[in-house]
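**Student:** Below is the file run05.txt, with compact mmCIF, C-alpha atoms.
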# COMPACT_ATOMS: atom_id res chain seq x y z
CA MET A 66 15.57 6.15 -14.05
CA THR A 67 18.41 4.06 -12.61
CA GLY A 68 16.27 2.30 -10.02
CA ALA A 69 13.87 1.08 -12.70
CA ASP A 70 16.51 0.01 -15.21
CA ALA A 71 16.37 -3.73 -14.46
CA THR A 72 12.59 -3.89 -14.72
CA CYS A 73 12.51 -1.81 -17.90
CA ARG A 74 15.24 -4.01 -19.37
CA ALA A 75 13.23 -7.13 -18.52
CA VAL A 76 10.10 -5.74 -20.20
CA ALA A 77 12.14 -4.75 -23.26
CA ASN A 78 13.69 -8.20 -23.50
CA ARG A 79 10.36 -9.95 -23.01
CA SER A 80 8.46 -7.82 -25.54
CA GLY A 81 11.05 -6.88 -28.14
CA ALA A 82 9.89 -3.28 -27.75
CA VAL A 83 11.94 -0.15 -27.29
CA VAL A 84 11.41 0.94 -23.67
CA VAL A 85 11.98 4.54 -22.60
CA SER A 86 12.23 5.18 -18.85
CA VAL A 87 11.06 8.59 -17.64
CA GLY A 88 12.79 10.40 -14.78
CA TYR A 89 9.95 12.67 -13.65
CA ARG A 90 10.07 15.31 -10.91
CA LEU A 91 9.16 14.10 -7.43
CA ALA A 92 6.94 15.48 -4.69
CA PRO A 93 6.82 17.14 -2.23
CA GLU A 94 9.43 19.47 -3.77
CA HIS A 95 7.52 19.27 -7.05
CA PRO A 96 3.80 18.78 -6.33
CA PRO A 97 1.26 17.75 -8.96
CA PRO A 98 0.94 18.21 -11.81
CA ALA A 99 4.75 18.24 -12.18
CA ALA A 100 5.17 14.46 -12.53
CA ILE A 101 2.13 14.22 -14.80
CA ASP A 102 3.38 17.04 -17.02
CA ASP A 103 6.82 15.42 -17.25
CA CYS A 104 5.41 12.04 -18.25
CA LEU A 105 3.13 13.61 -20.84
CA ALA A 106 6.00 15.64 -22.27
CA ALA A 107 8.14 12.48 -22.45
CA THR A 108 5.34 10.54 -24.14
CA ARG A 109 4.96 13.23 -26.77
CA TRP A 110 8.73 13.44 -27.25
CA VAL A 111 8.90 9.68 -27.83
CA ALA A 112 6.07 9.90 -30.36
CA ASP A 113 7.88 12.70 -32.22
CA HIS A 114 11.32 11.04 -32.15
CA ALA A 115 10.50 7.33 -32.24
CA GLY A 116 12.11 6.89 -35.63
CA ASP A 117 15.43 8.17 -34.24
CA PHE A 118 15.89 5.02 -32.15
CA GLY A 119 14.10 2.42 -34.24
CA GLY A 120 10.62 2.89 -32.79
CA ASP A 121 7.26 3.17 -34.49
CA PRO A 122 5.18 6.20 -33.37
CA ALA A 123 2.04 4.44 -34.58
CA ARG A 124 2.63 1.68 -31.99
CA LEU A 125 3.06 3.49 -28.71
CA ALA A 126 2.28 2.08 -25.26
CA VAL A 127 2.58 3.47 -21.75
CA GLY A 128 3.20 1.49 -18.59
CA GLY A 129 4.50 1.53 -15.08
CA ASP A 130 4.31 -0.08 -11.67
CA SER A 131 2.84 1.39 -8.48
CA ALA A 132 2.97 5.20 -8.79
CA GLY A 133 4.28 4.68 -12.31
CA GLY A 134 1.12 2.74 -13.08
CA THR A 135 -0.93 5.65 -11.80
CA LEU A 136 0.92 8.04 -14.09
CA ALA A 137 0.58 5.67 -17.05
CA ALA A 138 -3.19 5.53 -16.55
CA LEU A 139 -3.31 9.33 -16.39
CA MET A 140 -1.26 9.50 -19.61
CA THR A 141 -3.92 7.58 -21.51
CA LEU A 142 -6.58 10.02 -20.30
CA ALA A 143 -4.49 13.04 -21.30
CA ALA A 144 -3.49 11.54 -24.64
CA ARG A 145 -7.11 10.71 -25.47
CA GLU A 146 -7.84 14.44 -25.55
CA ALA A 147 -4.65 15.87 -27.02
CA GLY A 148 -2.59 12.97 -28.39
CA PRO A 149 -0.43 11.18 -29.17
CA PRO A 150 -2.46 8.03 -29.84
CA ILE A 151 -1.74 5.28 -27.30
CA ALA A 152 -2.11 1.66 -28.42
CA PHE A 153 -1.82 -0.10 -25.06
CA GLN A 154 -1.43 0.48 -21.33
CA LEU A 155 0.46 -1.81 -18.96
CA LEU A 156 -0.54 -1.09 -15.37
CA VAL A 157 1.30 -3.03 -12.66
CA TYR A 158 -0.43 -2.69 -9.27
CA PRO A 159 -1.34 0.95 -9.98
CA ALA A 160 -2.55 3.22 -7.18
CA THR A 161 -5.63 4.61 -8.89
CA ASP A 162 -7.47 5.81 -5.76
CA LEU A 163 -5.38 8.14 -3.61
CA ALA A 164 -8.34 8.50 -1.23
CA LEU A 165 -7.52 4.91 -0.13
CA THR A 166 -11.12 3.73 -0.06
CA HIS A 167 -10.80 0.14 -1.31
CA PRO A 168 -11.05 -2.86 1.08
CA SER A 169 -7.59 -4.25 0.31
CA VAL A 170 -6.01 -1.16 1.90
CA ALA A 171 -7.28 -2.31 5.31
CA GLU A 172 -6.98 -6.02 4.56
CA TYR A 173 -3.23 -5.92 3.89
CA SER A 174 -2.01 -3.19 6.23
CA ALA A 175 -0.36 -5.11 9.06
CA PRO A 176 2.10 -2.97 11.06
CA GLY A 177 5.63 -3.34 9.74
CA SER A 178 4.56 -4.44 6.28
CA PHE A 179 6.56 -3.30 3.27
CA LEU A 180 3.53 -1.20 2.28
CA ASP A 181 0.62 -0.54 4.64
CA HIS A 182 -2.10 2.06 5.20
CA THR A 183 0.22 4.29 7.22
CA ALA A 184 2.83 4.31 4.46
CA LEU A 185 0.23 4.85 1.75
CA ALA A 186 -1.31 7.77 3.64
CA TRP A 187 2.16 9.27 4.16
CA PHE A 188 2.98 9.00 0.46
CA ALA A 189 -0.41 10.41 -0.55
CA ARG A 190 -0.16 13.32 1.91
CA HIS A 191 3.29 14.35 0.73
CA TYR A 192 2.39 13.88 -2.92
CA LEU A 193 -0.96 15.66 -2.83
CA GLY A 194 0.15 18.65 -0.75
CA GLY A 195 -3.41 19.39 0.33
CA ARG A 196 -5.07 18.59 -2.98
CA ASP A 197 -8.24 16.50 -3.14
CA PRO A 198 -7.23 12.79 -3.33
CA ALA A 199 -10.41 12.10 -5.30
CA ASP A 200 -9.49 14.60 -8.00
CA PRO A 201 -9.68 12.59 -11.27
CA ALA A 202 -6.63 14.50 -12.52
CA LEU A 203 -4.67 12.69 -9.77
CA SER A 204 -6.70 9.51 -9.12
CA PRO A 205 -7.82 7.99 -12.43
CA PHE A 206 -10.37 5.78 -10.64
CA TYR A 207 -12.56 8.87 -10.25
CA ALA A 208 -12.51 9.89 -13.91
CA ALA A 209 -16.08 10.49 -15.08
CA ASP A 210 -15.48 9.16 -18.59
CA LEU A 211 -13.17 6.23 -19.34
CA ALA A 212 -14.50 5.55 -22.83
CA GLY A 213 -12.15 5.38 -25.79
CA LEU A 214 -9.05 4.40 -23.83
CA PRO A 215 -6.54 1.82 -25.12
CA PRO A 216 -6.63 -1.85 -24.09
CA ALA A 217 -5.02 -2.57 -20.74
CA LEU A 218 -3.25 -5.36 -18.93
CA VAL A 219 -3.56 -4.81 -15.19
CA ILE A 220 -1.22 -6.92 -13.04
CA THR A 221 -2.02 -7.13 -9.34
CA ALA A 222 -0.62 -8.89 -6.28
CA GLU A 223 -2.90 -10.73 -3.87
CA CYS A 224 -1.28 -9.44 -0.65
CA ASP A 225 -1.12 -5.81 -1.70
CA PRO A 226 -2.99 -2.87 -0.14
CA VAL A 227 -3.58 -1.36 -3.60
CA ARG A 228 -4.68 -4.64 -5.18
CA ASP A 229 -8.28 -3.44 -5.41
CA ASP A 230 -7.19 -0.13 -6.95
CA GLY A 231 -6.02 -1.88 -10.09
CA GLU A 232 -8.82 -4.40 -10.26
CA ALA A 233 -11.55 -1.81 -9.67
CA TYR A 234 -10.04 0.47 -12.30
CA ALA A 235 -10.00 -2.40 -14.81
CA ALA A 236 -13.68 -3.02 -14.06
CA CYS A 237 -14.38 0.66 -14.75
CA LEU A 238 -12.52 0.45 -18.06
CA ARG A 239 -14.62 -2.56 -19.07
CA ALA A 240 -17.84 -0.85 -17.96
CA ALA A 241 -16.93 2.06 -20.26
CA GLY A 242 -16.65 -0.35 -23.20
CA GLY A 243 -12.89 -0.85 -23.12
CA GLN A 244 -10.70 -3.93 -22.90
CA ALA A 245 -8.96 -4.59 -19.61
CA GLU A 246 -7.47 -7.90 -18.56
CA VAL A 247 -6.60 -8.44 -14.90
CA VAL A 248 -3.97 -10.98 -13.87
CA ARG A 249 -3.69 -11.39 -10.09
CA TYR A 250 -0.66 -13.24 -8.74
CA PRO A 251 -1.57 -15.26 -5.62
CA GLY A 252 0.54 -14.81 -2.51
CA GLN A 253 2.53 -11.91 -3.94
CA LEU A 254 3.16 -8.52 -2.34
CA HIS A 255 3.47 -5.00 -3.66
CA GLY A 256 6.73 -4.65 -5.53
CA PHE A 257 7.06 -8.31 -6.53
CA PHE A 258 7.20 -7.48 -10.25
CA ALA A 259 10.78 -6.22 -9.81
CA MET A 260 11.85 -9.25 -7.72
CA ASP A 261 12.31 -11.72 -10.57
CA LEU A 262 15.53 -13.11 -9.11
CA LEU A 263 13.63 -14.12 -5.99
CA PHE A 264 10.08 -14.99 -7.05
CA PRO A 265 9.15 -17.23 -10.00
CA ALA A 266 5.82 -15.34 -10.08
CA ALA A 267 7.72 -12.16 -10.96
CA ARG A 268 9.31 -13.85 -13.94
CA ARG A 269 5.90 -15.08 -15.05
CA ALA A 270 4.45 -11.60 -14.64
CA GLN A 271 7.25 -10.03 -16.65
CA ARG A 272 6.79 -12.64 -19.35
CA ARG A 273 3.03 -11.97 -19.41
CA ALA A 274 3.66 -8.23 -19.67
CA GLY A 275 6.08 -8.75 -22.54
CA GLU A 276 3.67 -11.02 -24.39
CA ALA A 277 0.84 -8.52 -23.98
CA LEU A 278 2.95 -5.67 -25.33
CA ALA A 279 4.16 -7.73 -28.27
CA ALA A 280 0.59 -8.78 -29.08
CA ALA A 281 -0.60 -5.17 -28.90
CA PHE A 282 2.08 -4.25 -31.44
CA GLY A 283 1.30 -7.23 -33.65
CA GLU A 284 4.67 -8.84 -33.02
CA PRO A 285 5.73 -12.25 -31.64
CA ALA A 286 7.20 -12.14 -28.14
CA PRO A 287 10.88 -13.14 -27.88
CA GLY A 288 11.50 -16.44 -26.14
CA GLY A 289 14.30 -17.84 -24.02
CA SER A 290 15.72 -16.94 -20.64
CA ILE A 291 16.92 -13.47 -19.72
CA PRO A 292 20.35 -13.40 -17.99
CA TRP A 293 21.22 -10.78 -15.37
CA PRO A 294 24.67 -9.43 -14.44
CA ALA A 295 25.85 -11.09 -11.22
CA PRO A 296 26.59 -7.93 -9.14
CA GLU A 297 23.25 -6.39 -9.98
CA GLY A 298 21.50 -9.69 -9.30
CA ALA A 299 23.05 -10.01 -5.84
CA PHE A 300 21.98 -6.48 -4.92
CA ARG A 301 18.43 -7.01 -6.12
CA ILE A 302 18.09 -10.32 -4.28
CA GLY A 303 19.27 -8.67 -1.06
CA ARG A 304 16.86 -5.78 -1.44
CA ALA A 305 13.95 -8.12 -2.17
CA LEU A 306 14.77 -10.29 0.84
CA VAL A 307 14.71 -7.27 3.14
CA GLU A 308 11.31 -6.24 1.79
CA VAL A 309 9.86 -9.73 2.08
CA VAL A 310 11.18 -10.32 5.60
CA GLY A 311 9.73 -6.99 6.72
CA THR A 312 6.33 -7.82 5.28
CA VAL A 313 6.19 -11.33 6.74
CA ALA A 314 7.35 -10.08 10.14
CA GLY A 315 4.73 -7.34 10.06
CA HIS A 316 1.92 -9.79 9.41
CA HIS A 317 3.08 -12.13 12.19
CA LEU A 318 3.45 -9.27 14.67
CA ALA A 319 -0.07 -8.11 13.86
CA ARG A 320 -1.44 -11.62 14.47
CA LEU A 321 0.41 -11.85 17.79
CA ALA A 322 -0.92 -8.45 18.83
CA ARG A 323 -4.49 -9.49 18.03
CA ALA A 324 -4.04 -12.76 19.92
CA ALA A 325 -2.65 -10.90 22.94
CA SER A 326 -5.58 -8.48 22.90
CA ALA A 327 -8.04 -11.37 22.74
CA ALA A 328 -6.30 -13.13 25.64
CA VAL A 329 -6.45 -9.99 27.77
CA GLY A 330 -10.11 -9.57 26.93
CA ILE A 331 -10.93 -13.16 27.91
CA SER A 332 -8.96 -12.89 31.14
CA ALA A 333 -10.68 -9.65 32.10
CA GLY A 334 -14.08 -11.10 31.32
CA GLN A 335 -13.45 -14.16 33.43
CA GLY A 336 -12.29 -12.00 36.33
CA ALA A 337 -15.47 -9.96 36.14
CA ARG A 338 -17.64 -13.04 36.21
CA ALA A 339 -15.67 -14.52 39.10
CA GLY A 340 -16.14 -11.32 41.11
Could you show the structure in this file as structure tokens?
**Tutor:**
Amino acid sequence: MTGADATCRAVANRSGAVVVSVGYRLAPEHPPPAAIDDCLAATRWVADHAGDFGGDPARLAVGGDSAGGTLAALMTLAAREAGPPIAFQLLVYPATDLALTHPSVAEYSAPGSFLDHTALAWFARHYLGGRDPADPALSPFYAADLAGLPPALVITAECDPVRDDGEAYAACLRAAGGQAEVVRYPGQLHGFFAMDLLFPAARRAQRRAGEALAAAFGEPAPGGSIPWPAPEGAFRIGRALVEVVGTVAGHHLARLARAASAAVGISAGQGARAG
């Protein structure tokens, strides 16, 4: 997928792994399980053809960010039953609960934010097309059995409505006897992982992801800095700035609205007492 090329390239450079990006069908034109079927088909194709591009089918990982993280988690569940064997899962702020029940959804949903409850509900509604959001085939958090799944690195952002989705899912993996490390990046928002030209935390997160993948494959992680082409870098910085400004403005507007409501309430109360 073109939009994910820079992030996939960063993970490849940081891990030394071959990274295959999947262009899956999108809802609402293609409702579930279209995207899930596409990702599973791609995973199996990579396992069957890994040797064609220098890969090792015995060392296969899945990963993704946001909705891609959701699909990656679902891939491990599907592959557990029917193969191919998955060695590792990299889940970057995955949305594992499409019913939107976790506290962080309300905590970080100021109006105007880059991602808030309204946006999440809109995405979920158009993706689900009337299906049950708590269906474990769509929301891995609700899977009844998480035993026997590969080790996971779950990267989350502090100021992210789906922060708790990833962290709660990691807790479920551990409760089922699996290995799941959570790394939360303070002060970061949803989408920061792709904003490495703007946020040092994104570069650290990409480096951590690369190290985890390399370790899962029994390989040393490459070192050194990763250069980016100037035109692409300028575009990505601009896009990240727009997202950040929108999120910050949304939080400030929400605070001002709450303060205005409180002031009106105090004024009305004082008027009632005076009367």
**Student:** Enumerate, as an MDAnalysis selection string, the protein, DNA and RNA residues whose atoms approach (-8.8, 12.8, -20.9) to within 12 Å, taking into account all atoms listed in the file and the coordinate frame of the file.
**Tutor:** chainID A and resid 105 138:150 201:203 205 207:215
**Student:** Counting only C-alpha atoms, figure out which residue out of A:Glu276, A:Asp130, A:Glu284, A:Asp162 gets nearest to Ala233 (chain A).
**Tutor:** A:Asp162
**Student:** Just to confirm, what's the straight-line distance from CA of Thr72 (chain A) to CA of Arg190 (chain A) in Å (one decimal)?
**Tutor:**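 Between these atoms lies a distance of 27.1 Å.
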**Student:** When you draw a straight line from CA of Trp110 (chain A) to CA of Cys73 (chain A), how long is it in Å?
**Tutor:** 18.3 Å
**Student:** With all atoms listed in the file as the atoms that count, which of A:Phe153, A:Tyr250, A:Phe282, A:Phe258 lies nearest to Ser131 (chain A)?
**Tutor:**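 Between A:Phe153, A:Tyr250, A:Phe282, A:Phe258, the residue approaching Ser131 (chain A) most closely is A:Phe258.
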**Student:** Work out how far apart CA of Arg272 (chain A) and CA of Gln253 (chain A) are and give it in Å to one decimal.
**Tutor:**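 Here the two named atoms are 16.0 Å from each other.
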**Student:** May I ask which of the residues A:Cys224, A:Tyr192, A:Asp117, A:Ala92 is the closest one to Ala175 (chain A), counting all atoms listed in the file?
**Tutor:**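 With all atoms listed in the file as the atom set, the closest residue is A:Cys224.
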**Student:** Restricting the calculation to all atoms listed in the file: of A:Thr135, A:Thr161, A:Ser169, A:Ser204, which residue gets closest to Ala222 (chain A)?
**Tutor:**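 Comparing A:Thr135, A:Thr161, A:Ser169, A:Ser204 against Ala222 (chain A), the winner is A:Ser169.
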**Student:** Measuring atom to atom with all atoms listed in the file, identify which of A:Leu193, A:Glu172, A:Ala82, A:Arg124 is nearest to Ala99 (chain A).
**Tutor:**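 Looking at the shortest contact to Ala99 (chain A), the residue is A:Leu193.
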**Student:** Is there a way to get, as a PDB file with C-alpha atoms, in the frame of the given file, all residues within 8 Å of the point (-4.1, -2.8, 4.9) in file coordinates, counting all atoms listed in the file?
**Tutor:**
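Result written to selection-v2.pdb:
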ATOM      1  CA  PRO A 168     -11.050  -2.860   1.080  1.00  0.00           C
ATOM      2  CA  SER A 169      -7.590  -4.250   0.310  1.00  0.00           C
ATOM      3  CA  VAL A 170      -6.010  -1.160   1.900  1.00  0.00           C
ATOM      4  CA  ALA A 171      -7.280  -2.310   5.310  1.00  0.00           C
ATOM      5  CA  GLU A 172      -6.980  -6.020   4.560  1.00  0.00           C
ATOM      6  CA  TYR A 173      -3.230  -5.920   3.890  1.00  0.00           C
ATOM      7  CA  SER A 174      -2.010  -3.190   6.230  1.00  0.00           C
ATOM      8  CA  ALA A 175      -0.360  -5.110   9.060  1.00  0.00           C
ATOM      9  CA  ASP A 181       0.620  -0.540   4.640  1.00  0.00           C
ATOM     10  CA  HIS A 182      -2.100   2.060   5.200  1.00  0.00           C
ATOM     11  CA  ASP A 225      -1.120  -5.810  -1.700  1.00  0.00           C
ATOM     12  CA  PRO A 226      -2.990  -2.870  -0.140  1.00  0.00           C
TER      13      PRO A 226
END
**Student:** Write out as a count of residues only the residues lying within 8 Å of Leu136 (chain A), counting all atoms listed in the file and excluding same-chain residues fewer than 4 positions away.
**Tutor:** 6
**Student:** Could you check the closest approach to His95 (chain A) for each of A:Arg109, A:Arg74, A:Arg196, A:His191 and tell me which residue wins, using all atoms listed in the file?
**Tutor:**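 For His95 (chain A), the nearest of the candidates is A:His191.
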**Student:** Give me the residues within 8 Å of Ala126 (chain A) as number ranges by chain, counting only C-alpha atoms and dropping any in the same chain fewer than 3 places off.
**Tutor:** A: 151-155, 278
